[in-house]
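Here's the structure we're looking at; comments come further down.
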Amino acid sequence: MTPDPQSMMDQASPAFKPLTMTSLRRYVFFALAAFILLGPAPGQLFDKRSPWLREWVMYSGVGVGLPKGVFTVQDASGPVADYTPLQAAGLERYPLIVHYFFDKRIFEDADLTRYAADLCEGLLPGQHLSFDGVVGTRKGWVPMPVTNLCAQTEDAP
Amino acid sequence: MRNGQVRNIVHAITQWGPEAIGSTRAAGLMRMGLGAIALIRFGKELAPYAINGLIGLSLTVLFFSFAFTTILGIRARLSVAGLGAMIMLFYAFGLNGIGLVTWAHHHVYLLGMACLLLSLSDCGKSFSVDRLRAMATEDRARPPAEFGSLLGQRLIALQLSALYFWTAVDKSDWAFVSGQRLEQTMTWVHSGRALEFVLHWPALLALASIIVLVVEYWLAVAILMARWRQAAILVGLTMHISFYLLLPVNTYSITVIVLYLALLDPAAVHRFIDCMLGYPEVAR
(Lines give C-alpha, C1' and ligand atoms only; values in the text may rest on other atoms or scores of the structure.)
Protein backbone atom coordinates (compact mmCIF):
# COMPACT_ATOMS: atom_id res chain seq x y z
CA MET A 1 0.00 0.00 0.00
CA THR A 2 1.38 3.43 -0.97
CA PRO A 3 1.45 5.91 1.88
CA ASP A 4 -0.49 9.15 1.49
CA PRO A 5 2.11 11.81 0.46
CA GLN A 6 0.19 14.58 2.25
CA SER A 7 0.16 12.76 5.58
CA MET A 8 3.88 11.97 5.20
CA MET A 9 4.57 15.66 4.66
CA ASP A 10 2.51 16.61 7.73
CA GLN A 11 4.47 14.18 9.87
CA ALA A 12 7.80 15.33 8.47
CA SER A 13 7.21 19.05 8.98
CA PRO A 14 5.32 19.75 12.18
CA ALA A 15 6.47 23.38 11.97
CA PHE A 16 3.77 23.97 9.41
CA LYS A 17 1.03 23.01 11.86
CA PRO A 18 -1.49 25.86 11.70
CA LEU A 19 -1.58 28.15 14.73
CA THR A 20 -4.89 27.82 16.51
CA MET A 21 -6.51 30.69 18.43
CA THR A 22 -5.93 28.75 21.64
CA SER A 23 -2.20 28.46 20.99
CA LEU A 24 -1.99 32.10 19.92
CA ARG A 25 -3.69 33.20 23.14
CA ARG A 26 -1.24 31.13 25.16
CA TYR A 27 1.81 32.57 23.35
CA VAL A 28 0.50 36.13 23.77
CA PHE A 29 -0.26 35.58 27.46
CA PHE A 30 3.09 34.05 28.39
CA ALA A 31 5.10 36.56 26.31
CA LEU A 32 3.30 39.54 27.87
CA ALA A 33 3.42 38.00 31.35
CA ALA A 34 7.21 37.62 31.05
CA PHE A 35 7.52 41.22 29.82
CA ILE A 36 5.37 42.55 32.66
CA LEU A 37 6.94 40.51 35.46
CA LEU A 38 10.59 40.56 34.40
CA GLY A 39 10.80 43.81 32.42
CA PRO A 40 11.94 45.94 35.38
CA ALA A 41 14.69 43.45 36.35
CA PRO A 42 17.54 44.70 34.07
CA GLY A 43 17.19 48.28 35.29
CA GLN A 44 16.44 47.65 38.94
CA LEU A 45 18.77 44.71 39.55
CA PHE A 46 21.62 45.22 37.06
CA ASP A 47 21.47 48.95 36.30
CA LYS A 48 20.90 48.23 32.57
CA ARG A 49 18.24 50.84 31.90
CA SER A 50 15.86 51.03 28.95
CA PRO A 51 12.89 53.38 28.66
CA TRP A 52 10.77 50.52 27.31
CA LEU A 53 11.46 48.27 30.28
CA ARG A 54 9.69 50.45 32.79
CA GLU A 55 11.14 50.42 36.29
CA TRP A 56 8.75 50.85 39.20
CA VAL A 57 10.63 53.41 41.30
CA MET A 58 7.91 56.02 41.64
CA TYR A 59 8.46 58.94 44.03
CA SER A 60 12.00 57.75 44.81
CA GLY A 61 13.36 61.10 43.62
CA VAL A 62 10.87 63.33 45.47
CA GLY A 63 12.72 65.37 48.08
CA VAL A 64 16.15 64.68 46.59
CA GLY A 65 18.22 67.86 46.68
CA LEU A 66 16.35 69.49 49.58
CA PRO A 67 18.25 70.64 52.69
CA LYS A 68 17.41 69.78 56.30
CA GLY A 69 19.18 71.77 58.96
CA VAL A 70 19.92 75.33 60.03
CA PHE A 71 21.22 78.28 58.05
CA THR A 72 23.01 80.67 60.44
CA VAL A 73 24.03 84.27 59.88
CA GLN A 74 27.17 85.03 61.87
CA ASP A 75 29.41 87.98 62.42
CA ALA A 76 32.64 88.45 64.33
CA SER A 77 30.82 88.21 67.68
CA GLY A 78 29.08 84.90 66.82
CA PRO A 79 25.67 83.75 65.57
CA VAL A 80 23.21 86.53 64.74
CA ALA A 81 20.15 84.65 63.46
CA ASP A 82 19.03 81.13 62.49
CA TYR A 83 16.88 80.36 59.46
CA THR A 84 14.98 77.27 58.39
CA PRO A 85 15.60 75.95 54.85
CA LEU A 86 12.33 77.50 53.63
CA GLN A 87 13.23 80.89 55.15
CA ALA A 88 16.71 80.67 53.60
CA ALA A 89 15.17 80.11 50.18
CA GLY A 90 12.70 82.96 50.66
CA LEU A 91 9.72 80.59 50.48
CA GLU A 92 6.72 79.93 52.68
CA ARG A 93 6.44 76.41 51.28
CA TYR A 94 7.81 74.45 48.34
CA PRO A 95 5.86 75.07 45.13
CA LEU A 96 3.15 72.71 43.88
CA ILE A 97 5.16 71.59 40.85
CA VAL A 98 6.87 68.35 39.83
CA HIS A 99 9.87 68.15 42.16
CA TYR A 100 12.53 68.07 39.44
CA PHE A 101 11.32 71.39 38.05
CA PHE A 102 12.37 73.06 41.33
CA ASP A 103 15.49 74.92 40.25
CA LYS A 104 16.96 75.29 43.74
CA ARG A 105 17.66 71.61 44.31
CA ILE A 106 21.07 70.96 45.83
CA PHE A 107 23.58 68.48 44.46
CA GLU A 108 26.86 70.21 45.41
CA ASP A 109 28.09 73.05 47.65
CA ALA A 110 27.57 75.67 44.93
CA ASP A 111 23.86 74.73 44.74
CA LEU A 112 23.55 75.47 48.45
CA THR A 113 24.76 79.02 47.74
CA ARG A 114 22.17 79.36 44.98
CA TYR A 115 19.49 77.96 47.32
CA ALA A 116 20.18 80.69 49.90
CA ALA A 117 20.88 83.46 47.37
CA ASP A 118 18.25 85.82 48.84
CA LEU A 119 19.72 85.45 52.30
CA CYS A 120 23.24 86.07 50.92
CA GLU A 121 22.07 89.31 49.29
CA GLY A 122 20.71 90.58 52.59
CA LEU A 123 23.91 90.03 54.57
CA LEU A 124 25.52 93.09 56.14
CA PRO A 125 29.25 93.73 55.76
CA GLY A 126 31.21 91.42 58.03
CA GLN A 127 28.48 88.82 58.24
CA HIS A 128 28.61 85.39 56.71
CA LEU A 129 26.16 82.55 56.27
CA SER A 130 26.76 78.94 57.27
CA PHE A 131 24.74 75.76 56.86
CA ASP A 132 24.77 72.95 59.39
CA GLY A 133 22.72 70.04 58.13
CA VAL A 134 22.08 67.38 55.54
CA VAL A 135 20.80 67.21 51.97
CA GLY A 136 18.43 64.61 50.55
CA THR A 137 19.79 62.00 48.13
CA ARG A 138 18.41 58.68 46.90
CA LYS A 139 20.61 57.06 49.55
CA GLY A 140 19.12 59.14 52.36
CA TRP A 141 20.27 62.31 54.07
CA VAL A 142 23.93 63.18 53.38
CA PRO A 143 25.83 65.71 55.54
CA MET A 144 26.80 68.89 53.69
CA PRO A 145 28.08 71.41 56.27
CA VAL A 146 29.34 74.67 54.75
CA THR A 147 30.89 77.41 56.90
CA ASN A 148 30.71 80.26 54.40
CA LEU A 149 28.01 80.03 51.76
CA CYS A 150 28.29 83.55 50.41
CA ALA A 151 31.87 83.79 49.24
CA GLN A 152 31.62 87.46 48.28
CA THR A 153 31.18 88.47 51.92
CA GLU A 154 34.31 86.64 53.02
CA ASP A 155 36.61 89.62 52.60
CA ALA A 156 34.11 92.26 53.59
CA PRO A 157 35.42 94.72 56.18
CA MET B 1 9.22 17.98 40.98
CA ARG B 2 7.63 15.29 38.85
CA ASN B 3 6.53 15.81 35.26
CA GLY B 4 2.92 15.28 36.32
CA GLN B 5 3.13 18.05 38.90
CA VAL B 6 4.72 20.45 36.39
CA ARG B 7 1.97 19.62 33.91
CA ASN B 8 -0.67 20.32 36.57
CA ILE B 9 0.87 23.70 37.40
CA VAL B 10 1.09 24.69 33.72
CA HIS B 11 -2.50 23.56 33.26
CA ALA B 12 -3.67 25.62 36.25
CA ILE B 13 -1.83 28.74 34.99
CA THR B 14 -3.26 28.22 31.50
CA GLN B 15 -6.79 27.92 32.87
CA TRP B 16 -6.31 31.02 35.04
CA GLY B 17 -4.68 33.11 32.29
CA PRO B 18 -5.08 32.60 28.54
CA GLU B 19 -8.10 30.28 28.83
CA ALA B 20 -9.96 32.35 31.42
CA ILE B 21 -13.56 33.19 30.54
CA GLY B 22 -16.35 34.77 32.53
CA SER B 23 -18.62 37.76 32.99
CA THR B 24 -17.48 40.85 31.08
CA ARG B 25 -19.08 43.40 33.40
CA ALA B 26 -15.90 44.11 35.37
CA ALA B 27 -14.05 44.61 32.07
CA GLY B 28 -16.79 46.95 30.87
CA LEU B 29 -16.55 49.03 34.05
CA MET B 30 -12.75 49.15 33.76
CA ARG B 31 -13.05 50.29 30.15
CA MET B 32 -15.26 53.23 31.10
CA GLY B 33 -13.07 54.08 34.09
CA LEU B 34 -9.84 54.07 32.12
CA GLY B 35 -11.41 56.17 29.35
CA ALA B 36 -12.54 58.77 31.89
CA ILE B 37 -9.12 58.80 33.61
CA ALA B 38 -7.41 59.31 30.23
CA LEU B 39 -9.67 62.31 29.55
CA ILE B 40 -8.93 63.79 32.97
CA ARG B 41 -5.17 63.19 32.62
CA PHE B 42 -4.67 64.55 29.10
CA GLY B 43 -7.77 66.63 28.35
CA LYS B 44 -6.29 69.97 29.39
CA GLU B 45 -2.95 69.31 27.70
CA LEU B 46 -4.38 68.03 24.41
CA ALA B 47 -7.48 70.16 23.92
CA PRO B 48 -7.36 72.21 20.71
CA TYR B 49 -6.65 75.42 22.67
CA ALA B 50 -3.42 73.84 23.97
CA ILE B 51 -2.18 72.41 20.67
CA ASN B 52 -0.14 73.87 17.84
CA GLY B 53 0.17 72.62 14.26
CA LEU B 54 -1.59 70.07 12.12
CA ILE B 55 0.18 67.04 13.57
CA GLY B 56 -0.76 68.12 17.08
CA LEU B 57 -4.35 68.66 16.02
CA SER B 58 -4.46 65.21 14.38
CA LEU B 59 -3.20 63.61 17.60
CA THR B 60 -5.81 65.56 19.55
CA VAL B 61 -8.62 64.37 17.27
CA LEU B 62 -7.42 60.76 17.51
CA PHE B 63 -7.00 60.89 21.30
CA PHE B 64 -10.40 62.39 22.02
CA SER B 65 -12.12 60.10 19.50
CA PHE B 66 -10.61 56.99 21.08
CA ALA B 67 -11.33 58.26 24.60
CA PHE B 68 -15.01 58.90 23.91
CA THR B 69 -15.55 55.68 21.91
CA THR B 70 -13.81 53.81 24.74
CA ILE B 71 -16.17 55.24 27.32
CA LEU B 72 -19.23 54.64 25.17
CA GLY B 73 -18.06 51.21 24.05
CA ILE B 74 -18.22 51.78 20.30
CA ARG B 75 -16.03 49.09 18.71
CA ALA B 76 -14.86 48.83 22.29
CA ARG B 77 -11.78 46.61 21.98
CA LEU B 78 -10.44 48.57 19.02
CA SER B 79 -11.14 51.86 20.80
CA VAL B 80 -9.42 50.93 24.04
CA ALA B 81 -6.46 49.53 22.07
CA GLY B 82 -6.27 52.80 20.12
CA LEU B 83 -6.48 54.82 23.33
CA GLY B 84 -3.71 52.71 24.88
CA ALA B 85 -1.56 53.17 21.77
CA MET B 86 -2.08 56.95 21.88
CA ILE B 87 -1.12 57.11 25.56
CA MET B 88 2.01 55.04 24.93
CA LEU B 89 2.83 57.38 22.03
CA PHE B 90 2.60 60.34 24.42
CA TYR B 91 4.78 58.40 26.87
CA ALA B 92 7.37 57.98 24.09
CA PHE B 93 7.11 61.70 23.29
CA GLY B 94 7.72 62.48 26.94
CA LEU B 95 10.78 60.24 27.03
CA ASN B 96 12.22 61.88 23.94
CA GLY B 97 11.49 65.46 24.92
CA ILE B 98 8.95 65.97 22.12
CA GLY B 99 5.97 66.33 24.41
CA LEU B 100 5.75 67.28 28.06
CA VAL B 101 8.36 65.66 30.31
CA THR B 102 5.56 64.67 32.69
CA TRP B 103 4.16 62.37 29.99
CA ALA B 104 7.06 60.01 30.74
CA HIS B 105 5.81 59.40 34.28
CA HIS B 106 4.91 56.00 35.68
CA HIS B 107 1.20 56.84 35.98
CA VAL B 108 1.03 57.51 32.21
CA TYR B 109 2.79 54.21 31.42
CA LEU B 110 0.44 52.33 33.75
CA LEU B 111 -2.63 53.92 32.15
CA GLY B 112 -1.41 53.15 28.61
CA MET B 113 -0.48 49.56 29.44
CA ALA B 114 -3.80 48.99 31.22
CA CYS B 115 -5.73 50.13 28.12
CA LEU B 116 -3.66 47.92 25.83
CA LEU B 117 -4.05 44.90 28.10
CA LEU B 118 -7.79 45.48 28.53
CA SER B 119 -8.20 45.34 24.76
CA LEU B 120 -7.28 41.64 25.04
CA SER B 121 -10.49 41.06 27.04
CA ASP B 122 -14.06 41.18 25.74
CA CYS B 123 -14.59 44.59 27.31
CA GLY B 124 -17.30 45.64 24.83
CA LYS B 125 -19.88 42.99 25.76
CA SER B 126 -21.14 44.96 28.78
CA PHE B 127 -22.15 48.59 29.29
CA SER B 128 -21.50 49.51 25.67
CA VAL B 129 -23.02 50.73 22.44
CA ASP B 130 -21.64 47.50 20.95
CA ARG B 131 -24.04 45.59 23.21
CA LEU B 132 -26.98 47.82 22.29
CA ARG B 133 -26.24 47.21 18.62
CA ALA B 134 -26.02 43.46 19.16
CA MET B 135 -29.38 43.52 20.95
CA ALA B 136 -30.97 45.56 18.17
CA THR B 137 -29.61 43.70 15.18
CA GLU B 138 -29.59 40.11 16.32
CA ASP B 139 -32.80 38.21 16.32
CA ARG B 140 -32.67 36.94 19.86
CA ALA B 141 -35.16 35.80 22.41
CA ARG B 142 -32.69 36.77 25.11
CA PRO B 143 -30.10 39.56 25.15
CA PRO B 144 -26.55 38.58 24.11
CA ALA B 145 -24.54 37.01 26.91
CA GLU B 146 -22.16 39.23 28.86
CA PHE B 147 -19.53 36.54 28.74
CA GLY B 148 -16.11 36.37 27.16
CA SER B 149 -12.34 36.13 27.41
CA LEU B 150 -10.66 37.51 30.54
CA LEU B 151 -7.09 37.23 29.28
CA GLY B 152 -6.51 40.99 29.49
CA GLN B 153 -7.84 41.15 33.04
CA ARG B 154 -5.43 38.44 34.15
CA LEU B 155 -2.52 40.33 32.60
CA ILE B 156 -3.65 43.50 34.40
CA ALA B 157 -3.60 41.52 37.67
CA LEU B 158 -0.02 40.46 36.86
CA GLN B 159 0.85 44.08 36.04
CA LEU B 160 -0.37 45.17 39.48
CA SER B 161 1.56 42.36 41.14
CA ALA B 162 4.75 43.33 39.27
CA LEU B 163 4.22 46.97 40.18
CA TYR B 164 4.01 46.15 43.90
CA PHE B 165 6.94 43.76 43.82
CA TRP B 166 9.38 46.01 41.96
CA THR B 167 8.45 49.15 43.85
CA ALA B 168 9.10 47.17 47.07
CA VAL B 169 12.47 46.08 45.67
CA ASP B 170 13.29 49.76 45.08
CA LYS B 171 12.43 50.51 48.70
CA SER B 172 14.47 47.65 50.14
CA ASP B 173 17.36 49.72 51.43
CA TRP B 174 18.35 51.41 54.68
CA ALA B 175 17.51 54.87 53.33
CA PHE B 176 13.85 53.88 52.99
CA VAL B 177 13.48 51.55 55.97
CA SER B 178 14.98 54.15 58.31
CA GLY B 179 12.33 56.63 57.18
CA GLN B 180 14.80 59.02 55.52
CA ARG B 181 13.35 58.78 52.00
CA LEU B 182 9.80 59.20 53.26
CA GLU B 183 10.95 62.20 55.31
CA GLN B 184 12.47 63.73 52.15
CA THR B 185 9.23 63.18 50.25
CA MET B 186 7.21 64.68 53.11
CA THR B 187 9.65 67.61 53.34
CA TRP B 188 8.92 68.51 49.71
CA VAL B 189 5.18 68.02 49.97
CA HIS B 190 4.31 69.16 53.49
CA SER B 191 6.92 71.74 54.63
CA GLY B 192 5.10 74.92 55.57
CA ARG B 193 1.71 73.22 55.26
CA ALA B 194 -0.89 71.80 57.64
CA LEU B 195 0.73 68.37 58.02
CA GLU B 196 4.24 69.68 58.60
CA PHE B 197 4.17 68.29 62.15
CA VAL B 198 4.76 64.74 60.83
CA LEU B 199 8.31 65.82 59.99
CA HIS B 200 8.98 66.15 63.73
CA TRP B 201 8.23 62.45 64.30
CA PRO B 202 11.01 60.53 62.50
CA ALA B 203 10.13 57.31 64.37
CA LEU B 204 6.59 57.49 62.94
CA LEU B 205 8.01 57.98 59.43
CA ALA B 206 10.32 54.98 59.90
CA LEU B 207 7.39 52.86 61.10
CA ALA B 208 5.24 54.01 58.17
CA SER B 209 8.09 53.16 55.77
CA ILE B 210 8.43 49.63 57.14
CA ILE B 211 4.66 49.10 56.95
CA VAL B 212 4.56 50.32 53.31
CA LEU B 213 7.46 48.02 52.38
CA VAL B 214 5.95 44.93 54.03
CA VAL B 215 2.50 45.67 52.60
CA GLU B 216 3.84 46.10 49.05
CA TYR B 217 5.74 42.78 49.14
CA TRP B 218 2.64 41.10 50.56
CA LEU B 219 0.29 42.69 48.01
CA ALA B 220 2.49 41.45 45.14
CA VAL B 221 1.53 37.90 46.12
CA ALA B 222 -1.75 38.34 47.99
CA ILE B 223 -3.69 39.96 45.13
CA LEU B 224 -3.12 36.79 43.08
CA MET B 225 -4.16 34.36 45.84
CA ALA B 226 -7.88 33.68 46.22
CA ARG B 227 -7.65 33.17 49.99
CA TRP B 228 -5.95 36.53 50.64
CA ARG B 229 -7.55 38.59 47.87
CA GLN B 230 -10.33 40.19 49.89
CA ALA B 231 -7.96 41.36 52.62
CA ALA B 232 -5.42 42.42 49.98
CA ILE B 233 -7.97 44.58 48.20
CA LEU B 234 -8.99 46.28 51.45
CA VAL B 235 -5.38 46.92 52.47
CA GLY B 236 -4.45 48.05 48.95
CA LEU B 237 -7.39 50.43 48.71
CA THR B 238 -6.51 51.94 52.09
CA MET B 239 -2.90 52.41 50.99
CA HIS B 240 -3.78 54.02 47.65
CA ILE B 241 -6.38 56.33 49.19
CA SER B 242 -3.73 57.39 51.73
CA PHE B 243 -1.26 58.06 48.91
CA TYR B 244 -3.92 60.08 47.11
CA LEU B 245 -4.57 62.24 50.17
CA LEU B 246 -0.95 62.67 51.27
CA LEU B 247 1.02 62.91 48.02
CA PRO B 248 0.53 64.58 44.62
CA VAL B 249 0.07 61.26 42.82
CA ASN B 250 -1.84 62.61 39.82
CA THR B 251 -3.95 59.80 38.29
CA TYR B 252 -1.82 56.96 39.73
CA SER B 253 -4.01 56.03 42.72
CA ILE B 254 -7.31 56.25 40.87
CA THR B 255 -5.93 54.17 37.98
CA VAL B 256 -4.81 51.43 40.37
CA ILE B 257 -8.16 51.52 42.16
CA VAL B 258 -10.01 51.05 38.85
CA LEU B 259 -7.62 48.22 37.93
CA TYR B 260 -8.57 46.44 41.17
CA LEU B 261 -11.71 45.42 39.26
CA ALA B 262 -9.43 42.94 37.48
CA LEU B 263 -8.77 41.24 40.83
CA LEU B 264 -12.41 40.65 41.71
CA ASP B 265 -14.27 37.47 40.86
CA PRO B 266 -16.08 38.43 37.61
CA ALA B 267 -19.13 36.36 38.59
CA ALA B 268 -19.34 38.19 41.93
CA VAL B 269 -19.18 41.58 40.14
CA HIS B 270 -21.95 40.38 37.81
CA ARG B 271 -24.17 39.28 40.72
CA PHE B 272 -23.48 42.48 42.64
CA ILE B 273 -24.61 44.63 39.69
CA ASP B 274 -27.73 42.50 39.26
CA CYS B 275 -28.52 43.08 42.92
CA MET B 276 -27.95 46.81 42.58
CA LEU B 277 -30.26 46.93 39.56
CA GLY B 278 -32.97 45.11 41.50
CA TYR B 279 -32.67 41.69 39.93
CA PRO B 280 -31.78 39.57 42.95
CA GLU B 281 -33.50 36.58 41.41
CA VAL B 282 -31.01 36.63 38.54
CA ALA B 283 -28.16 37.14 40.95
CA ARG B 284 -29.16 34.09 42.90
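Residues are named by chain letter and number: chains run A, B, ... in the order of the C-alpha coordinates, numbers start at 1 in each chain, and ligands are numbered from 1 in the order shown.
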
Quiz prompt | Selection near Val98 (chain A), 12 Å with only C-alpha atoms, sequence-local residues under 5 positions removed, as a ChimeraX atom specification | solution = /A:59,61-63,103 /B:100-103,105,185,188-189,247-250

Exercise. Using only C-alpha atoms, select each residue of chain B with any atom at most 8 Å away from an atom of chain A, and give the selection as a PyMOL selection string.
Key: chain B and resi 14+17-19+95+106+109+151+155+158-159+162-163+166-167+169-170+174-176+180-181+184-193

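The spacing separating CA of Leu129 (chain A) from CA of Val142 (chain A) amounts to 19.7 Å.
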
Quiz item: So which bits of region 58-275 of chain B end up alpha helix (DSSP H) when you DSSP the backbone, as a ChimeraX atom specification?
Solution: /B:58-72,76-95,106-118,129-137,151-171,174-177,180-190,202-222,226-246,252-259,266-275

Practice problem: Go through A:Ala89, A:Gln127, A:Phe101, A:Gly133 one by one, measure the shortest atom-to-atom distance of each to Arg114 (chain A) using only C-alpha atoms, and give the residue with the smallest value. | Solution: A:Ala89

Quiz prompt | Top pick for closest residue to Phe71 (chain A), considering A:Pro18, A:Cys150, A:Ala116, A:Leu124 and counting only C-alpha atoms | solution = A:Ala116

Practice problem: For Val80 (chain A), list every protein, DNA or RNA residue within 10 Å, evaluated using only C-alpha atoms, and leave out those in the same chain fewer than 4 positions away; present the list as a list of chain:residue names. | Solution: A:Thr72, A:Val73, A:Gln74, A:Asp75, A:Ala76, A:Gln127, A:His128, A:Leu129

Exercise. Calculate how many Å separate CA of Leu219 (chain B) from CA of Leu199 (chain B), rounding to one decimal.
Key: 27.3 Å

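Excluding region 204-215 of chain B itself and same-chain residues fewer than 6 positions from it, the residues having an atom within 7 Å of it are Ala168, Lys171, Phe176, Val177, Ser178, Gly179, Leu182 and Glu183 of chain B, counting only C-alpha atoms.
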
Quiz prompt | DSSP strand (DSSP E or B) selection over region 10-240 of chain B, as a list in words | solution = Ile21, Gly22, Ser23, Phe147, Gly148 and Ser149 of chain B
